[in-house]
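Participant: Got a structure for you, questions after.
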Amino acid sequence: MLTVPRVEDFSDRLRGPAVTARVGTALGICFGICFLTGVWSHFQQTTPGWLAIPPSPYWLYRVTQGIHVITGTVAVPLLLVKLWSVYPQFFKRFPLRPSRTMLVNGLDRFYLLVLVTAAIFQLVTGLLNVVHWYPWSFSFRSTHYAVAWIAIGALVLHIAVKLPLIRSALTGPLDDDEPPANADADPEASGISRRTLLRTTWVAAALAFVATAGQTVPWLRSVSVFAVRSGDGPLGVPINRTAAEAGVPPDAGGDAWQLEVGYDGRTTRMSRADLEAMDQVDEELPIACVEGWSASGVWTGVPVAAITAAAGAPPGARVFVTSMQTRGAFATSELPPQFVDDRRTLLALRLNGADLTLDHGYPCRIIAPNRPGVLQTKWVTKLEVSA
């Protein structure tokens, strides 16, 4: 007959507040950093009216989003060990007699259920987003953002409730001098120490970092065996979404293609030859994608400010960009005035000395400093200028 175990059925040799508090502290730091960088990423993609994202430093989004994905990945082994360390507490008997103890115990279990569920959801969906696998019908970006607030709220509450216990565990001894009463019956009790368990946990977290960080940290690419992007690709830069995936036909950007620039009720049309005849600028800028990978390239093209000026728009204009893509999100994007006026914001025609390939956005694409890859619009067909 199957029986539900009790807390007393588990050994305390490895599990206990000393281990839980130390692993939980590392996990909380990872979650905190991941939350802050995730909110920043959301704001960069969906900027509220009160926030003006600066174009400098040009590498900022590359760093913050890389840290976001790295800390999320490192959190996986930490969360597994943390849950294992408190696993026996899941079988603690719930008081059934109506009382204050029953109410407090019920609320405690409820917020812990919310915390554990939200944490697992965030890590699982985040990792699946990195590999572009979406076995669900909801919007990843909006759901991931909403659940992040639930997770961090539950985490803050958890820390507040458990703070006295956390302090005591962190300042107390790590390894017990006395073995538990059931040490002989439990082979775990005579095995590794808590200190060894923690060292193994730190090594696992470090391996998770090294195995995936290469998609963000170039000098780790040779050892990051689980990195989704190696940093290589056509013209030296990886491709996240191909023209076929975006619904862009193979003949896009042919001789009939013209860029439409709209301003003040007038439309100026420019062919690729017209754009090539304008003063060209070279800028080395990174493509930094929400999945955490990034790669730098030398982009050649026309500053967007020069194109808006040619259309008669004054400095300080806002530009709405439209792509030829017919499938997927971010077919349009917006360039705020501070990006338009920055001479590093280009309508790029070439990458690393060669014409853009179709998958890289031929005939032209947006490239700007400190901007998420999803907003570096490819296959540009129209610029609408608003002064």
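Residues are referred to by chain and number: the chain letter is A, B, ... according to the order shown in the structure tokens, the number counts from 1 in that chain, and ligands are numbered separately from 1 in the order shown.
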Taking 6 positions as the minimum chain separation for residues in the same chain, which residues sit within 10 Å of A:Val124 when counting only C-alpha atoms? Answer as a VMD selection string.

Facilitator: chain A and resid 72 to 73 76 118

Participant: Residues within 8 Å of A:Met324, please, as a compact mmCIF listing (two decimals) with C-alpha atoms, in the first residue's frame. Count only C-alpha atoms; anything in the same chain fewer than 6 positions from it doesn't count.

Facilitator:
# COMPACT_ATOMS: atom_id res chain seq x y z
CA VAL A 248 9.67 37.98 -47.53
CA ALA A 331 7.06 44.15 -38.75
CA TRP A 379 13.69 44.55 -45.30
CA VAL A 380 12.75 48.20 -44.78
CA THR A 381 10.25 49.55 -47.27

Participant: Please provide as a list in words all residues within 10 Å of A:Arg272, with the sequence filter that same-chain residues fewer than 5 positions apart are discarded (counting only C-alpha atoms).

Facilitator: Gly253, Gly254, Asp255, Ala256, Trp257, Gln258, Leu259, Ala277, Leu349, Tyr362, Pro363 and Cys364 of chain A

Participant: Store the residues picked out above in a file with N, CA and C atoms, as a compact mmCIF listing (two decimals), in the first residue's frame.

Facilitator:
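Dumped to part_13.txt:
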# COMPACT_ATOMS: atom_id res chain seq x y z
N GLY A 253 13.45 43.47 -52.99
CA GLY A 253 14.60 44.33 -53.19
C GLY A 253 15.13 44.32 -54.60
N GLY A 254 14.30 43.90 -55.55
CA GLY A 254 14.72 43.91 -56.94
C GLY A 254 14.78 45.33 -57.49
N ASP A 255 14.91 45.43 -58.81
CA ASP A 255 15.06 46.75 -59.43
C ASP A 255 13.86 47.66 -59.19
N ALA A 256 12.69 47.05 -58.96
CA ALA A 256 11.49 47.86 -58.77
C ALA A 256 11.37 48.40 -57.34
N TRP A 257 12.23 47.92 -56.44
CA TRP A 257 12.09 48.34 -55.03
C TRP A 257 12.47 49.81 -54.87
N GLN A 258 11.68 50.50 -54.06
CA GLN A 258 11.97 51.88 -53.69
C GLN A 258 11.62 52.10 -52.22
N LEU A 259 12.43 52.86 -51.55
CA LEU A 259 12.16 53.25 -50.17
C LEU A 259 11.25 54.47 -50.18
N ALA A 277 24.27 56.44 -53.49
CA ALA A 277 24.90 57.68 -53.95
C ALA A 277 25.06 58.70 -52.83
N LEU A 349 23.20 49.23 -45.73
CA LEU A 349 23.17 48.59 -47.05
C LEU A 349 24.18 47.45 -47.15
N TYR A 362 18.37 42.56 -46.88
CA TYR A 362 18.48 43.23 -48.17
C TYR A 362 17.07 43.62 -48.66
N PRO A 363 16.91 44.80 -49.19
CA PRO A 363 17.93 45.75 -49.68
C PRO A 363 18.48 46.70 -48.61
N CYS A 364 17.76 46.89 -47.49
CA CYS A 364 18.30 47.75 -46.44
C CYS A 364 17.62 47.43 -45.12

Participant: Would you return as an NGL selection string the members of stretch 238-352 of chain A that DSSP assigns to strand (DSSP E) on this structure's backbone?

Facilitator: :A and (259-263 or 266-270 or 281-288 or 294-303 or 318-323 or 332-335 or 346-351)

Participant: Let me see the file: selected residues, C-alpha atoms, as an mmCIF file, in the first residue's frame.

Facilitator:
data_model
loop_
_atom_site.group_PDB
_atom_site.id
_atom_site.type_symbol
_atom_site.label_atom_id
_atom_site.label_comp_id
_atom_site.auth_asym_id
_atom_site.auth_seq_id
_atom_site.Cartn_x
_atom_site.Cartn_y
_atom_site.Cartn_z
ATOM 1 C CA LEU A 259 12.165 53.245 -50.175
ATOM 2 C CA GLU A 260 9.242 55.500 -49.313
ATOM 3 C CA VAL A 261 9.994 58.376 -46.948
ATOM 4 C CA GLY A 262 6.869 60.187 -45.812
ATOM 5 C CA TYR A 263 6.868 63.593 -44.147
ATOM 6 C CA ARG A 266 4.765 64.374 -49.021
ATOM 7 C CA THR A 267 6.367 61.115 -50.090
ATOM 8 C CA THR A 268 9.975 60.904 -51.256
ATOM 9 C CA ARG A 269 11.009 57.724 -53.051
ATOM 10 C CA MET A 270 14.587 56.474 -53.149
ATOM 11 C CA VAL A 281 29.085 55.837 -42.971
ATOM 12 C CA ASP A 282 30.797 52.788 -41.408
ATOM 13 C CA GLU A 283 29.841 51.861 -37.843
ATOM 14 C CA GLU A 284 30.836 48.821 -35.815
ATOM 15 C CA LEU A 285 27.739 47.921 -33.832
ATOM 16 C CA PRO A 286 26.402 44.727 -32.239
ATOM 17 C CA ILE A 287 23.226 42.838 -33.003
ATOM 18 C CA ALA A 288 21.932 41.852 -29.565
ATOM 19 C CA SER A 294 25.057 38.952 -29.728
ATOM 20 C CA ALA A 295 27.601 39.585 -32.466
ATOM 21 C CA SER A 296 29.320 42.671 -33.801
ATOM 22 C CA GLY A 297 29.775 43.729 -37.393
ATOM 23 C CA VAL A 298 30.853 46.738 -39.423
ATOM 24 C CA TRP A 299 27.704 48.179 -40.970
ATOM 25 C CA THR A 300 27.802 50.563 -43.931
ATOM 26 C CA GLY A 301 24.902 52.776 -44.853
ATOM 27 C CA VAL A 302 23.240 56.158 -44.681
ATOM 28 C CA PRO A 303 22.493 57.854 -41.349
ATOM 29 C CA ARG A 318 10.502 60.564 -34.807
ATOM 30 C CA VAL A 319 10.580 57.819 -37.438
ATOM 31 C CA PHE A 320 8.210 54.869 -37.851
ATOM 32 C CA VAL A 321 9.791 52.011 -39.781
ATOM 33 C CA THR A 322 7.840 49.484 -41.862
ATOM 34 C CA SER A 323 9.231 46.182 -43.107
ATOM 35 C CA THR A 332 7.150 47.790 -37.661
ATOM 36 C CA SER A 333 9.296 49.679 -35.191
ATOM 37 C CA GLU A 334 9.805 53.210 -33.937
ATOM 38 C CA LEU A 335 12.985 55.264 -33.791
ATOM 39 C CA LEU A 346 21.962 53.794 -40.057
ATOM 40 C CA LEU A 347 19.832 52.533 -42.860
ATOM 41 C CA ALA A 348 22.411 49.859 -43.550
ATOM 42 C CA LEU A 349 23.167 48.593 -47.051
ATOM 43 C CA ARG A 350 26.291 46.541 -46.398
ATOM 44 C CA LEU A 351 27.740 44.357 -43.643
#

Participant: Of the residues A:Leu235, A:Ala311, A:Ala317, A:Ala146, which is the one nearest to A:Phe35, using only C-alpha atoms?

Facilitator: A:Ala146

Participant: In Å, with one decimal, what is the gap from atom CA of A:Leu115 to atom CA of A:Ser85?

Facilitator: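 Separation between atom CA of A:Leu115 and atom CA of A:Ser85: 15.7 Å.
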
Participant: For each of A:Gly28, A:Pro238, A:Pro315, A:Pro336, take the minimum atom-to-atom distance to A:Ile159, counting only C-alpha atoms, then give the residue where this is smallest.

Facilitator: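 Once distances to A:Ile159 are computed over only C-alpha atoms, the minimum belongs to A:Gly28.
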
Participant: Can you pull out the residues contacting stretch 213-216 of chain A? Cut-off 12 Å, using only C-alpha atoms, and skip same-chain residues under 2 positions away; I want them as an mmCIF file with N, CA and C atoms, in the first residue's frame.

Facilitator:
data_model
loop_
_atom_site.group_PDB
_atom_site.id
_atom_site.type_symbol
_atom_site.label_atom_id
_atom_site.label_comp_id
_atom_site.auth_asym_id
_atom_site.auth_seq_id
_atom_site.Cartn_x
_atom_site.Cartn_y
_atom_site.Cartn_z
ATOM 1 N N TRP A 59 26.704 49.474 -26.332
ATOM 2 C CA TRP A 59 26.745 48.062 -25.957
ATOM 3 C C TRP A 59 25.811 47.723 -24.794
ATOM 4 N N TYR A 61 22.483 47.254 -24.213
ATOM 5 C CA TYR A 61 21.505 46.164 -24.309
ATOM 6 C C TYR A 61 22.198 44.819 -24.501
ATOM 7 N N ARG A 62 23.305 44.827 -25.206
ATOM 8 C CA ARG A 62 24.056 43.582 -25.381
ATOM 9 C C ARG A 62 24.461 43.009 -24.027
ATOM 10 N N VAL A 63 24.907 43.859 -23.133
ATOM 11 C CA VAL A 63 25.354 43.412 -21.813
ATOM 12 C C VAL A 63 24.168 43.005 -20.931
ATOM 13 N N THR A 64 23.158 43.857 -20.866
ATOM 14 C CA THR A 64 22.042 43.574 -19.962
ATOM 15 C C THR A 64 21.275 42.318 -20.378
ATOM 16 N N GLN A 65 21.059 42.138 -21.678
ATOM 17 C CA GLN A 65 20.317 40.957 -22.103
ATOM 18 C C GLN A 65 21.158 39.701 -21.995
ATOM 19 N N GLY A 66 22.457 39.820 -22.215
ATOM 20 C CA GLY A 66 23.334 38.679 -21.995
ATOM 21 C C GLY A 66 23.317 38.248 -20.540
ATOM 22 N N ILE A 67 23.387 39.223 -19.630
ATOM 23 C CA ILE A 67 23.321 38.917 -18.199
ATOM 24 C C ILE A 67 21.979 38.297 -17.848
ATOM 25 N N HIS A 68 20.911 38.789 -18.458
ATOM 26 C CA HIS A 68 19.572 38.256 -18.187
ATOM 27 C C HIS A 68 19.499 36.762 -18.477
ATOM 28 N N VAL A 69 19.956 36.369 -19.648
ATOM 29 C CA VAL A 69 19.878 34.961 -20.041
ATOM 30 C C VAL A 69 20.871 34.117 -19.248
ATOM 31 N N ILE A 70 22.052 34.656 -18.991
ATOM 32 C CA ILE A 70 23.053 33.899 -18.232
ATOM 33 C C ILE A 70 22.577 33.632 -16.815
ATOM 34 N N THR A 71 22.064 34.652 -16.116
ATOM 35 C CA THR A 71 21.601 34.444 -14.739
ATOM 36 C C THR A 71 20.397 33.505 -14.703
ATOM 37 N N GLY A 72 19.550 33.567 -15.726
ATOM 38 C CA GLY A 72 18.438 32.624 -15.783
ATOM 39 C C GLY A 72 18.911 31.195 -15.946
ATOM 40 N N THR A 73 19.944 31.007 -16.755
ATOM 41 C CA THR A 73 20.483 29.662 -16.962
ATOM 42 C C THR A 73 21.181 29.150 -15.708
ATOM 43 N N VAL A 74 21.966 30.001 -15.067
ATOM 44 C CA VAL A 74 22.664 29.611 -13.840
ATOM 45 C C VAL A 74 21.669 29.287 -12.728
ATOM 46 N N VAL A 130 14.902 30.749 -25.717
ATOM 47 C CA VAL A 130 16.275 30.828 -26.226
ATOM 48 C C VAL A 130 16.457 29.914 -27.446
ATOM 49 N N ALA A 205 26.604 25.334 -11.168
ATOM 50 C CA ALA A 205 26.199 26.665 -11.614
ATOM 51 C C ALA A 205 27.262 27.277 -12.529
ATOM 52 N N ALA A 206 28.545 27.076 -12.170
ATOM 53 C CA ALA A 206 29.631 27.601 -12.997
ATOM 54 C C ALA A 206 29.660 26.922 -14.364
ATOM 55 N N LEU A 207 29.406 25.617 -14.392
ATOM 56 C CA LEU A 207 29.365 24.896 -15.670
ATOM 57 C C LEU A 207 28.209 25.385 -16.535
ATOM 58 N N ALA A 208 27.062 25.674 -15.901
ATOM 59 C CA ALA A 208 25.930 26.218 -16.651
ATOM 60 C C ALA A 208 26.300 27.557 -17.275
ATOM 61 N N PHE A 209 27.065 28.350 -16.529
ATOM 62 C CA PHE A 209 27.528 29.637 -17.062
ATOM 63 C C PHE A 209 28.471 29.443 -18.241
ATOM 64 N N VAL A 210 29.490 28.622 -18.050
ATOM 65 C CA VAL A 210 30.508 28.438 -19.085
ATOM 66 C C VAL A 210 29.911 27.794 -20.335
ATOM 67 N N ALA A 211 28.968 26.856 -20.136
ATOM 68 C CA ALA A 211 28.420 26.105 -21.265
ATOM 69 C C ALA A 211 27.492 26.922 -22.144
ATOM 70 N N PRO A 218 32.416 36.565 -26.229
ATOM 71 C CA PRO A 218 33.119 35.952 -27.373
ATOM 72 C C PRO A 218 34.233 34.996 -26.985
ATOM 73 N N TRP A 219 35.025 35.303 -25.941
ATOM 74 C CA TRP A 219 36.174 34.454 -25.641
ATOM 75 C C TRP A 219 35.779 33.148 -24.964
ATOM 76 N N LEU A 220 34.474 32.937 -24.713
ATOM 77 C CA LEU A 220 34.005 31.665 -24.162
ATOM 78 C C LEU A 220 33.351 30.779 -25.225
ATOM 79 N N ARG A 221 33.303 31.260 -26.474
ATOM 80 C CA ARG A 221 32.550 30.532 -27.499
ATOM 81 C C ARG A 221 33.129 29.149 -27.776
ATOM 82 N N SER A 222 34.418 28.982 -27.621
ATOM 83 C CA SER A 222 35.030 27.691 -27.923
ATOM 84 C C SER A 222 34.671 26.623 -26.894
ATOM 85 N N VAL A 223 34.208 27.014 -25.705
ATOM 86 C CA VAL A 223 33.875 26.040 -24.668
ATOM 87 C C VAL A 223 32.383 26.042 -24.321
ATOM 88 N N SER A 224 31.626 26.946 -24.894
ATOM 89 C CA SER A 224 30.189 27.016 -24.601
ATOM 90 C C SER A 224 29.443 26.044 -25.506
ATOM 91 N N VAL A 225 29.424 24.788 -25.083
ATOM 92 C CA VAL A 225 28.884 23.728 -25.937
ATOM 93 C C VAL A 225 27.374 23.807 -26.090
ATOM 94 N N PHE A 226 26.672 24.481 -25.169
ATOM 95 C CA PHE A 226 25.219 24.583 -25.258
ATOM 96 C C PHE A 226 24.751 25.959 -25.725
ATOM 97 N N ALA A 227 25.676 26.794 -26.164
ATOM 98 C CA ALA A 227 25.277 28.109 -26.667
ATOM 99 C C ALA A 227 24.465 27.938 -27.951
ATOM 100 N N VAL A 228 23.334 28.631 -28.029
ATOM 101 C CA VAL A 228 22.446 28.496 -29.184
ATOM 102 C C VAL A 228 23.066 29.111 -30.422
ATOM 103 N N ARG A 229 23.796 30.210 -30.261
ATOM 104 C CA ARG A 229 24.454 30.873 -31.384
ATOM 105 C C ARG A 229 25.959 30.891 -31.133
ATOM 106 N N SER A 230 26.731 30.557 -32.178
ATOM 107 C CA SER A 230 28.186 30.499 -32.040
ATOM 108 C C SER A 230 28.849 31.838 -32.332
ATOM 109 N N GLY A 231 28.087 32.769 -32.911
ATOM 110 C CA GLY A 231 28.679 34.038 -33.323
ATOM 111 C C GLY A 231 29.022 34.067 -34.791
ATOM 112 N N ASP A 232 28.915 32.910 -35.470
ATOM 113 C CA ASP A 232 29.184 32.837 -36.900
ATOM 114 C C ASP A 232 27.880 32.901 -37.681
ATOM 115 N N VAL A 237 27.840 37.351 -39.163
ATOM 116 C CA VAL A 237 26.860 37.648 -38.123
ATOM 117 C C VAL A 237 25.716 36.627 -38.214
ATOM 118 N N PRO A 238 25.309 35.993 -37.106
ATOM 119 C CA PRO A 238 24.215 35.013 -37.143
ATOM 120 C C PRO A 238 22.892 35.648 -37.578
ATOM 121 N N PRO A 286 26.848 46.103 -32.462
ATOM 122 C CA PRO A 286 26.402 44.727 -32.239
ATOM 123 C C PRO A 286 24.925 44.530 -32.569
ATOM 124 N N ILE A 287 24.614 43.321 -32.998
ATOM 125 C CA ILE A 287 23.226 42.838 -33.003
ATOM 126 C C ILE A 287 23.071 42.071 -31.698
ATOM 127 N N ALA A 288 22.138 42.492 -30.871
ATOM 128 C CA ALA A 288 21.932 41.852 -29.565
ATOM 129 C C ALA A 288 20.479 41.407 -29.476
ATOM 130 N N CYS A 289 20.252 40.102 -29.456
ATOM 131 C CA CYS A 289 18.897 39.574 -29.498
ATOM 132 C C CYS A 289 18.394 39.196 -28.113
ATOM 133 N N VAL A 290 17.070 39.124 -28.009
ATOM 134 C CA VAL A 290 16.452 38.856 -26.705
ATOM 135 C C VAL A 290 16.809 37.463 -26.197
ATOM 136 N N GLU A 291 17.228 36.557 -27.077
ATOM 137 C CA GLU A 291 17.619 35.217 -26.645
ATOM 138 C C GLU A 291 18.976 35.200 -25.956
ATOM 139 N N GLY A 292 19.645 36.355 -25.901
ATOM 140 C CA GLY A 292 20.902 36.455 -25.170
ATOM 141 C C GLY A 292 22.141 36.481 -26.031
ATOM 142 N N TRP A 293 22.044 36.066 -27.287
ATOM 143 C CA TRP A 293 23.251 36.052 -28.122
ATOM 144 C C TRP A 293 23.477 37.430 -28.740
ATOM 145 N N SER A 294 24.709 37.685 -29.087
ATOM 146 C CA SER A 294 25.057 38.952 -29.728
ATOM 147 C C SER A 294 26.300 38.751 -30.579
ATOM 148 N N ALA A 295 26.433 39.628 -31.580
ATOM 149 C CA ALA A 295 27.601 39.585 -32.466
ATOM 150 C C ALA A 295 27.778 40.958 -33.082
ATOM 151 N N SER A 296 29.020 41.357 -33.237
ATOM 152 C CA SER A 296 29.320 42.671 -33.801
ATOM 153 C C SER A 296 29.671 42.566 -35.281
#

Participant: Run DSSP on the backbone and grab whatever in stretch 167-308 of chain A lands in helix (DSSP H, G or I); send it over as an mmCIF file with C-alpha atoms, in the first residue's frame.

Facilitator:
data_model
loop_
_atom_site.group_PDB
_atom_site.id
_atom_site.type_symbol
_atom_site.label_atom_id
_atom_site.label_comp_id
_atom_site.auth_asym_id
_atom_site.auth_seq_id
_atom_site.Cartn_x
_atom_site.Cartn_y
_atom_site.Cartn_z
ATOM 1 C CA ARG A 167 20.091 35.041 9.242
ATOM 2 C CA SER A 168 20.423 32.251 11.789
ATOM 3 C CA ALA A 169 21.298 29.666 9.126
ATOM 4 C CA LEU A 170 23.890 31.852 7.401
ATOM 5 C CA THR A 171 25.689 32.738 10.629
ATOM 6 C CA PRO A 187 23.090 5.802 3.370
ATOM 7 C CA GLU A 188 22.946 9.515 2.556
ATOM 8 C CA ALA A 189 23.941 10.326 6.125
ATOM 9 C CA SER A 190 27.347 8.682 5.876
ATOM 10 C CA ARG A 194 27.009 19.675 3.304
ATOM 11 C CA ARG A 195 30.137 21.582 2.397
ATOM 12 C CA THR A 196 30.813 19.144 -0.444
ATOM 13 C CA LEU A 197 27.202 19.414 -1.563
ATOM 14 C CA LEU A 198 27.491 23.197 -1.746
ATOM 15 C CA ARG A 199 30.783 23.027 -3.631
ATOM 16 C CA THR A 200 29.167 20.663 -6.131
ATOM 17 C CA THR A 201 26.268 23.091 -6.510
ATOM 18 C CA TRP A 202 28.611 26.021 -7.207
ATOM 19 C CA VAL A 203 30.481 23.911 -9.772
ATOM 20 C CA ALA A 204 27.196 22.996 -11.488
ATOM 21 C CA ALA A 205 26.199 26.665 -11.614
ATOM 22 C CA ALA A 206 29.631 27.601 -12.997
ATOM 23 C CA LEU A 207 29.365 24.896 -15.670
ATOM 24 C CA ALA A 208 25.930 26.218 -16.651
ATOM 25 C CA PHE A 209 27.528 29.637 -17.062
ATOM 26 C CA VAL A 210 30.508 28.438 -19.085
ATOM 27 C CA ALA A 211 28.420 26.105 -21.265
ATOM 28 C CA THR A 212 26.056 28.864 -22.430
ATOM 29 C CA ALA A 213 27.729 32.262 -21.947
ATOM 30 C CA GLY A 214 29.734 32.019 -25.170
ATOM 31 C CA GLN A 215 26.798 33.364 -27.181
ATOM 32 C CA PRO A 218 33.119 35.952 -27.373
ATOM 33 C CA TRP A 219 36.174 34.454 -25.641
ATOM 34 C CA LEU A 220 34.005 31.665 -24.162
ATOM 35 C CA PRO A 234 26.497 34.822 -43.285
ATOM 36 C CA LEU A 235 28.805 37.845 -43.530
ATOM 37 C CA GLY A 236 30.098 37.010 -40.042
ATOM 38 C CA ARG A 272 18.919 51.522 -53.595
ATOM 39 C CA ALA A 273 21.127 53.320 -56.109
ATOM 40 C CA ASP A 274 19.926 56.645 -54.712
ATOM 41 C CA LEU A 275 20.853 55.505 -51.204
ATOM 42 C CA GLU A 276 24.253 54.280 -52.377
ATOM 43 C CA ALA A 277 24.902 57.678 -53.948
ATOM 44 C CA VAL A 304 18.734 57.951 -40.842
ATOM 45 C CA ALA A 305 19.143 61.634 -39.947
ATOM 46 C CA ALA A 306 20.470 62.315 -43.448
ATOM 47 C CA ILE A 307 17.456 60.586 -45.014
ATOM 48 C CA THR A 308 14.959 62.532 -42.892
#

Participant: Choose the residue, out of A:Ala244, A:Val131, A:Val147, A:Met102, that has the smallest atom-to-atom separation from A:Ala119; count only C-alpha atoms.

Facilitator: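 Of the candidates, the smallest distance to A:Ala119 is held by A:Val147.
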
Participant: Using Å and a single decimal, report how far atom CA of A:Ala75 sits from atom CA of A:Ser193.

Facilitator: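 Computed distance, atom CA of A:Ser193 to atom CA of A:Ala75, equals 22.4 Å.
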
Participant: May I ask for the distance between atom CA of A:Leu80 and atom CA of A:Leu163, given in Å to one decimal place?

Facilitator: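 If I compute the distance from atom CA of A:Leu80 to atom CA of A:Leu163, I get 21.2 Å.
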